[in-house]
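J.: Input: one structure, supplied below.
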Amino acid sequence: MLQGKTAVITGGTRGIGFETVKKFLENNATVILFGSKEESVKKALDELKKINNDYDVAGFWPDLTSQEEVEETFNQIKDKYGKIDILVNNAGISARDSLYDYKLEDFKKIMDINVTAIFNTSKVVAPIMKENNGGVILNTSSMVSIYGQPSGCGYPTSKFAVNGLTKSLARELGKDNIRVNAVAPGIIYTDMMKNVPKEIIEPLIKTVPLGRIGKPEDIANAFLFLASDMASYITGAILSVDGAARS
Ligand code: NAD
């Protein structure tokens, strides 16, 4: 489905991002994955090469909150591959602190990683896509972007902002044939969820009409569809992939 496409996937070293990297490679894309550390990027690349040594995959670890580092990295990618067709903004962190204990620095940090990073990557990739007559930007939102959550207010706040960026950039970049969409995952079993206590997860599963927790592959499939030409008339959408938990 992605033959001839070059994709950049942030937070591609584990969880939903890593599964999306695999899915895109299986569908013949060239993939450049980003992670937060050199060590985790190299580990992910080794794992992918073990699956298929012919995969066309590379990795970088820029600080996504630094516009200079992001620009430098995307320019290196453009010089090597000539174009970028797809950007998946997946890197993100979560929060659970109550408002009473929430530190300003932690609130700023989550907004920086979950929102400012998407502004930085989108700002740099849009001109590259425009020059190539179009592209696709996909963001990772969350089901809590629709109704909030009872603690860790920085996380849903950041994901509401992701939806805002998605809808606004879709309107702004449509004329350049750049589609911008988001996927809003429900409860997906990744490292992020492994830290959430059982007492919180089990009652949550009971609220999912499909009766199960999501798999990273459920989200990777949605990204694959939205990145492909099959979604060529879809932009500005926030696609819930949550088993109807909160849809
Ligand atoms: P994860 O913790 O397993 O992976 C997060 C990824 O983001 C990693 O690759 C990590 O390297 C990267 N990352 C984290 N901080 C970074 C930083 N400062 N700079 C660069 N990269 C950084 O998480 P996941 O569950 O796979 O989540 C991926 C995305 O999906 C996130 O945006 C998250 O908010 C969203 N999401 C997850 C769930 C869920 O239930 N797991 C639900 C809704 C939304």
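By convention here, the chains of the structure tokens are called A, B, ... in the order presented, each chain's residues are numbered starting at 1, and ligands are numbered starting at 1 in the order presented.
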Quick one: residues within 12 Å of Leu104 of chain A, only C-alpha atoms counted, chain neighbours fewer than 6 positions away excluded, as a CSV table (one decimal) with all heavy atoms, in the first residue's frame?

T.:
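Listed below is the output, part_21.csv:
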```
chain,number,residue,atom,x,y,z
A,97,ASP,N,-0.7,12.9,37.5
A,97,ASP,CA,-0.7,13.7,38.7
A,97,ASP,C,-2.1,14.4,38.9
A,97,ASP,O,-2.6,14.8,37.9
A,97,ASP,CB,0.4,14.8,38.7
A,97,ASP,CG,1.7,14.3,38.2
A,97,ASP,OD1,1.8,14.0,36.9
A,97,ASP,OD2,2.6,14.1,39.0
A,110,ILE,N,4.9,18.2,29.2
A,110,ILE,CA,4.0,17.4,28.4
A,110,ILE,C,3.5,18.2,27.2
A,110,ILE,O,3.3,17.6,26.1
A,110,ILE,CB,2.9,16.8,29.3
A,110,ILE,CG1,2.3,15.6,28.6
A,110,ILE,CG2,1.7,17.8,29.5
A,110,ILE,CD1,1.5,14.7,29.5
A,111,MET,N,3.3,19.5,27.3
A,111,MET,CA,2.8,20.3,26.2
A,111,MET,C,3.9,20.4,25.2
A,111,MET,O,3.7,20.4,24.0
A,111,MET,CB,2.4,21.7,26.7
A,111,MET,CG,1.2,21.7,27.6
A,111,MET,SD,-0.3,21.0,26.8
A,111,MET,CE,-0.7,22.3,25.7
A,153,CYS,N,-4.2,16.2,34.1
A,153,CYS,CA,-4.9,17.1,33.2
A,153,CYS,C,-4.0,17.5,32.0
A,153,CYS,O,-4.6,17.8,30.9
A,153,CYS,CB,-5.5,18.3,33.9
A,153,CYS,SG,-4.3,19.3,34.6
A,154,GLY,N,-2.7,17.5,32.2
A,154,GLY,CA,-1.8,17.9,31.1
A,154,GLY,C,-2.0,17.0,29.9
A,154,GLY,O,-1.8,17.5,28.7
```

J.: Could you please extract the residues within 8 Å of ligand 1, counting only C-alpha atoms and all ligand atoms, and hand them back as a PyMOL selection string?

T.: chain A and resi 10-18+34-37+40+61-65+89-94+113-114+140-144+155+159+184-193+214+216

J.: Using the chain letters and numbers from this document, which residues of segment 11-169 of chain A does DSSP assign to strand (DSSP E or B), as a PyMOL selection string?

T.: chain A and resi 30-34+57-60+86-89+135-140

J.: For the residues in that selection, give me N, CA, C and O atoms as a short mmCIF file (atom, residue, chain, number, x, y, z; two decimals), in the first residue's frame.

T.:
```
data_model
loop_
_atom_site.label_atom_id
_atom_site.label_comp_id
_atom_site.auth_asym_id
_atom_site.auth_seq_id
_atom_site.Cartn_x
_atom_site.Cartn_y
_atom_site.Cartn_z
N THR A 30 9.76 3.16 2.57
CA THR A 30 11.05 3.44 3.18
C THR A 30 10.72 4.18 4.48
O THR A 30 9.91 5.11 4.45
N VAL A 31 11.30 3.72 5.59
CA VAL A 31 10.91 4.32 6.88
C VAL A 31 12.13 4.89 7.62
O VAL A 31 13.17 4.23 7.74
N ILE A 32 11.96 6.11 8.11
CA ILE A 32 12.97 6.72 8.98
C ILE A 32 12.29 6.87 10.34
O ILE A 32 11.31 7.60 10.48
N LEU A 33 12.78 6.10 11.31
CA LEU A 33 12.16 6.16 12.63
C LEU A 33 12.96 7.08 13.54
O LEU A 33 14.18 7.17 13.45
N PHE A 34 12.24 7.78 14.41
CA PHE A 34 12.87 8.64 15.41
C PHE A 34 12.62 8.04 16.80
O PHE A 34 11.56 7.46 17.05
N VAL A 57 15.25 0.95 6.10
CA VAL A 57 14.92 1.66 7.34
C VAL A 57 16.16 2.32 7.94
O VAL A 57 17.26 1.76 7.87
N ALA A 58 15.98 3.51 8.48
CA ALA A 58 17.07 4.23 9.14
C ALA A 58 16.52 4.91 10.39
O ALA A 58 15.29 4.91 10.59
N GLY A 59 17.41 5.45 11.22
CA GLY A 59 16.91 6.06 12.46
C GLY A 59 17.68 7.30 12.87
O GLY A 59 18.86 7.46 12.55
N PHE A 60 17.00 8.19 13.58
CA PHE A 60 17.59 9.42 14.13
C PHE A 60 17.02 9.65 15.53
O PHE A 60 15.99 9.08 15.88
N ILE A 86 5.26 10.99 3.98
CA ILE A 86 4.38 10.74 5.13
C ILE A 86 5.14 11.10 6.42
O ILE A 86 6.31 10.72 6.57
N LEU A 87 4.47 11.79 7.32
CA LEU A 87 5.02 12.03 8.66
C LEU A 87 4.01 11.52 9.66
O LEU A 87 2.84 11.93 9.62
N VAL A 88 4.43 10.62 10.54
CA VAL A 88 3.55 10.17 11.63
C VAL A 88 4.11 10.73 12.95
O VAL A 88 5.19 10.33 13.39
N ASN A 89 3.39 11.68 13.53
CA ASN A 89 3.78 12.26 14.82
C ASN A 89 3.20 11.38 15.91
O ASN A 89 2.02 11.51 16.26
N GLY A 135 1.51 15.46 0.42
CA GLY A 135 1.98 14.51 1.43
C GLY A 135 0.89 14.28 2.47
O GLY A 135 -0.24 14.75 2.33
N VAL A 136 1.27 13.53 3.50
CA VAL A 136 0.31 13.18 4.55
C VAL A 136 0.97 13.38 5.92
O VAL A 136 2.07 12.86 6.16
N ILE A 137 0.29 14.13 6.79
CA ILE A 137 0.75 14.27 8.18
C ILE A 137 -0.29 13.60 9.07
O ILE A 137 -1.49 13.89 8.96
N LEU A 138 0.18 12.66 9.91
CA LEU A 138 -0.73 11.94 10.80
C LEU A 138 -0.29 12.16 12.24
O LEU A 138 0.91 12.05 12.55
N ASN A 139 -1.24 12.48 13.10
CA ASN A 139 -0.92 12.75 14.49
C ASN A 139 -1.55 11.71 15.40
O ASN A 139 -2.58 11.12 15.05
N THR A 140 -0.92 11.51 16.56
CA THR A 140 -1.49 10.56 17.52
C THR A 140 -2.19 11.33 18.62
O THR A 140 -1.56 12.01 19.43
#
```

J.: For atom CA of Gly152 of chain A and atom CA of Leu99 of chain A, determine how far apart the two atoms are, in Å to one decimal place.

T.: 7.1 Å

J.: Any chance you could list, as a count of residues only, the residues in segment 8-237 of chain A that come up alpha helix (DSSP H) when DSSP is run on the backbone?

T.: 113

J.: What's the 12 Å shell around Glu71 of chain A, counting only C-alpha atoms, without same-chain residues fewer than 6 positions away, as number ranges by chain?

T.: A: 62-65, 77-78, 117, 119-128

J.: Can you work out the spacing between atom CA of Asp112 of chain A and atom CA of Ala161 of chain A in Å, to one decimal?

T.: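 Between atom CA of Asp112 of chain A and atom CA of Ala161 of chain A the gap is 11.2 Å.
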
J.: Counting only C-alpha atoms, figure out which residue out of A:Ser145, A:Ser151, A:Ser232, A:Ser98 gets nearest to Gly164 of chain A.

T.: A:Ser145

J.: Just how far from atom CA of Ala220 of chain A is atom CA of Gly236 of chain A, in Å to one decimal?

T.: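 A separation of 18.6 Å between them.
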
J.: When distances are computed from only C-alpha atoms, which of A:Pro203, A:Ile234, A:Leu226, A:Tyr102 shows the smallest separation from Arg171 of chain A?

T.: A:Ile234

J.: Using only C-alpha atoms, which of A:Met230, A:Leu224, A:Val41, A:Ala170 sits nearest Lys22 of chain A?

T.: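 Closest to Lys22 of chain A, using only C-alpha atoms: A:Leu224.
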
J.: Would you pick out the contacts of Leu48 of chain A at 10 Å or less, using only C-alpha atoms, so that residues sharing its chain but fewer than 4 positions from it are not included, and give the list as a ChimeraX atom specification?

T.: /A:18,21-22,25,42-44,52-57

J.: Now that the selection is made, can you save its residues with N, CA, C and O atoms as a short mmCIF file (atom, residue, chain, number, x, y, z; two decimals), in the first residue's frame?

T.:
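So part.cif came out as:
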```cif
data_model
loop_
_atom_site.label_atom_id
_atom_site.label_comp_id
_atom_site.auth_asym_id
_atom_site.auth_seq_id
_atom_site.Cartn_x
_atom_site.Cartn_y
_atom_site.Cartn_z
N PHE A 18 6.51 1.63 17.01
CA PHE A 18 7.30 0.52 16.46
C PHE A 18 6.42 -0.37 15.58
O PHE A 18 6.83 -0.82 14.51
N VAL A 21 5.93 1.38 12.35
CA VAL A 21 7.15 1.24 11.53
C VAL A 21 7.11 -0.11 10.81
O VAL A 21 7.29 -0.20 9.59
N LYS A 22 6.82 -1.18 11.57
CA LYS A 22 6.79 -2.54 10.97
C LYS A 22 5.73 -2.62 9.88
O LYS A 22 5.98 -3.15 8.79
N LEU A 25 6.81 -0.83 6.77
CA LEU A 25 7.88 -1.57 6.07
C LEU A 25 7.28 -2.78 5.34
O LEU A 25 7.64 -3.06 4.19
N LYS A 42 18.97 2.34 17.89
CA LYS A 42 19.80 1.25 17.35
C LYS A 42 19.19 -0.12 17.65
O LYS A 42 19.22 -1.02 16.81
N LYS A 43 18.63 -0.25 18.85
CA LYS A 43 18.00 -1.52 19.24
C LYS A 43 16.81 -1.81 18.31
O LYS A 43 16.65 -2.94 17.83
N ALA A 44 16.00 -0.78 18.04
CA ALA A 44 14.83 -0.97 17.16
C ALA A 44 15.29 -1.34 15.75
O ALA A 44 14.72 -2.24 15.12
N ASN A 52 13.65 -8.63 8.72
CA ASN A 52 13.90 -8.65 7.28
C ASN A 52 15.08 -7.73 6.96
O ASN A 52 14.97 -6.51 7.05
N ASN A 53 16.18 -8.33 6.59
CA ASN A 53 17.40 -7.57 6.35
C ASN A 53 17.29 -6.62 5.16
O ASN A 53 18.09 -5.70 5.00
N ASP A 54 16.27 -6.84 4.32
CA ASP A 54 16.09 -5.96 3.14
C ASP A 54 15.24 -4.73 3.43
O ASP A 54 15.04 -3.90 2.55
N TYR A 55 14.70 -4.63 4.66
CA TYR A 55 13.89 -3.45 4.97
C TYR A 55 14.72 -2.19 4.75
O TYR A 55 15.89 -2.12 5.17
N ASP A 56 14.10 -1.18 4.12
CA ASP A 56 14.77 0.10 3.89
C ASP A 56 14.42 1.02 5.06
O ASP A 56 13.41 1.72 5.05
N VAL A 57 15.25 0.95 6.10
CA VAL A 57 14.92 1.66 7.34
C VAL A 57 16.16 2.32 7.94
O VAL A 57 17.26 1.76 7.87
#
```

J.: With only C-alpha atoms as the basis for distance, which of A:Val183, A:Ser158, A:Thr166, A:Val8 is at the shortest distance from Lys108 of chain A?

T.: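 Closest candidate: A:Ser158.
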
J.: Neighbours of Gly4 of chain A within 10 Å (only C-alpha atoms; same-chain residues fewer than 6 positions away dropped), as a PyMOL selection string?

T.: chain A and resi 27-30+85
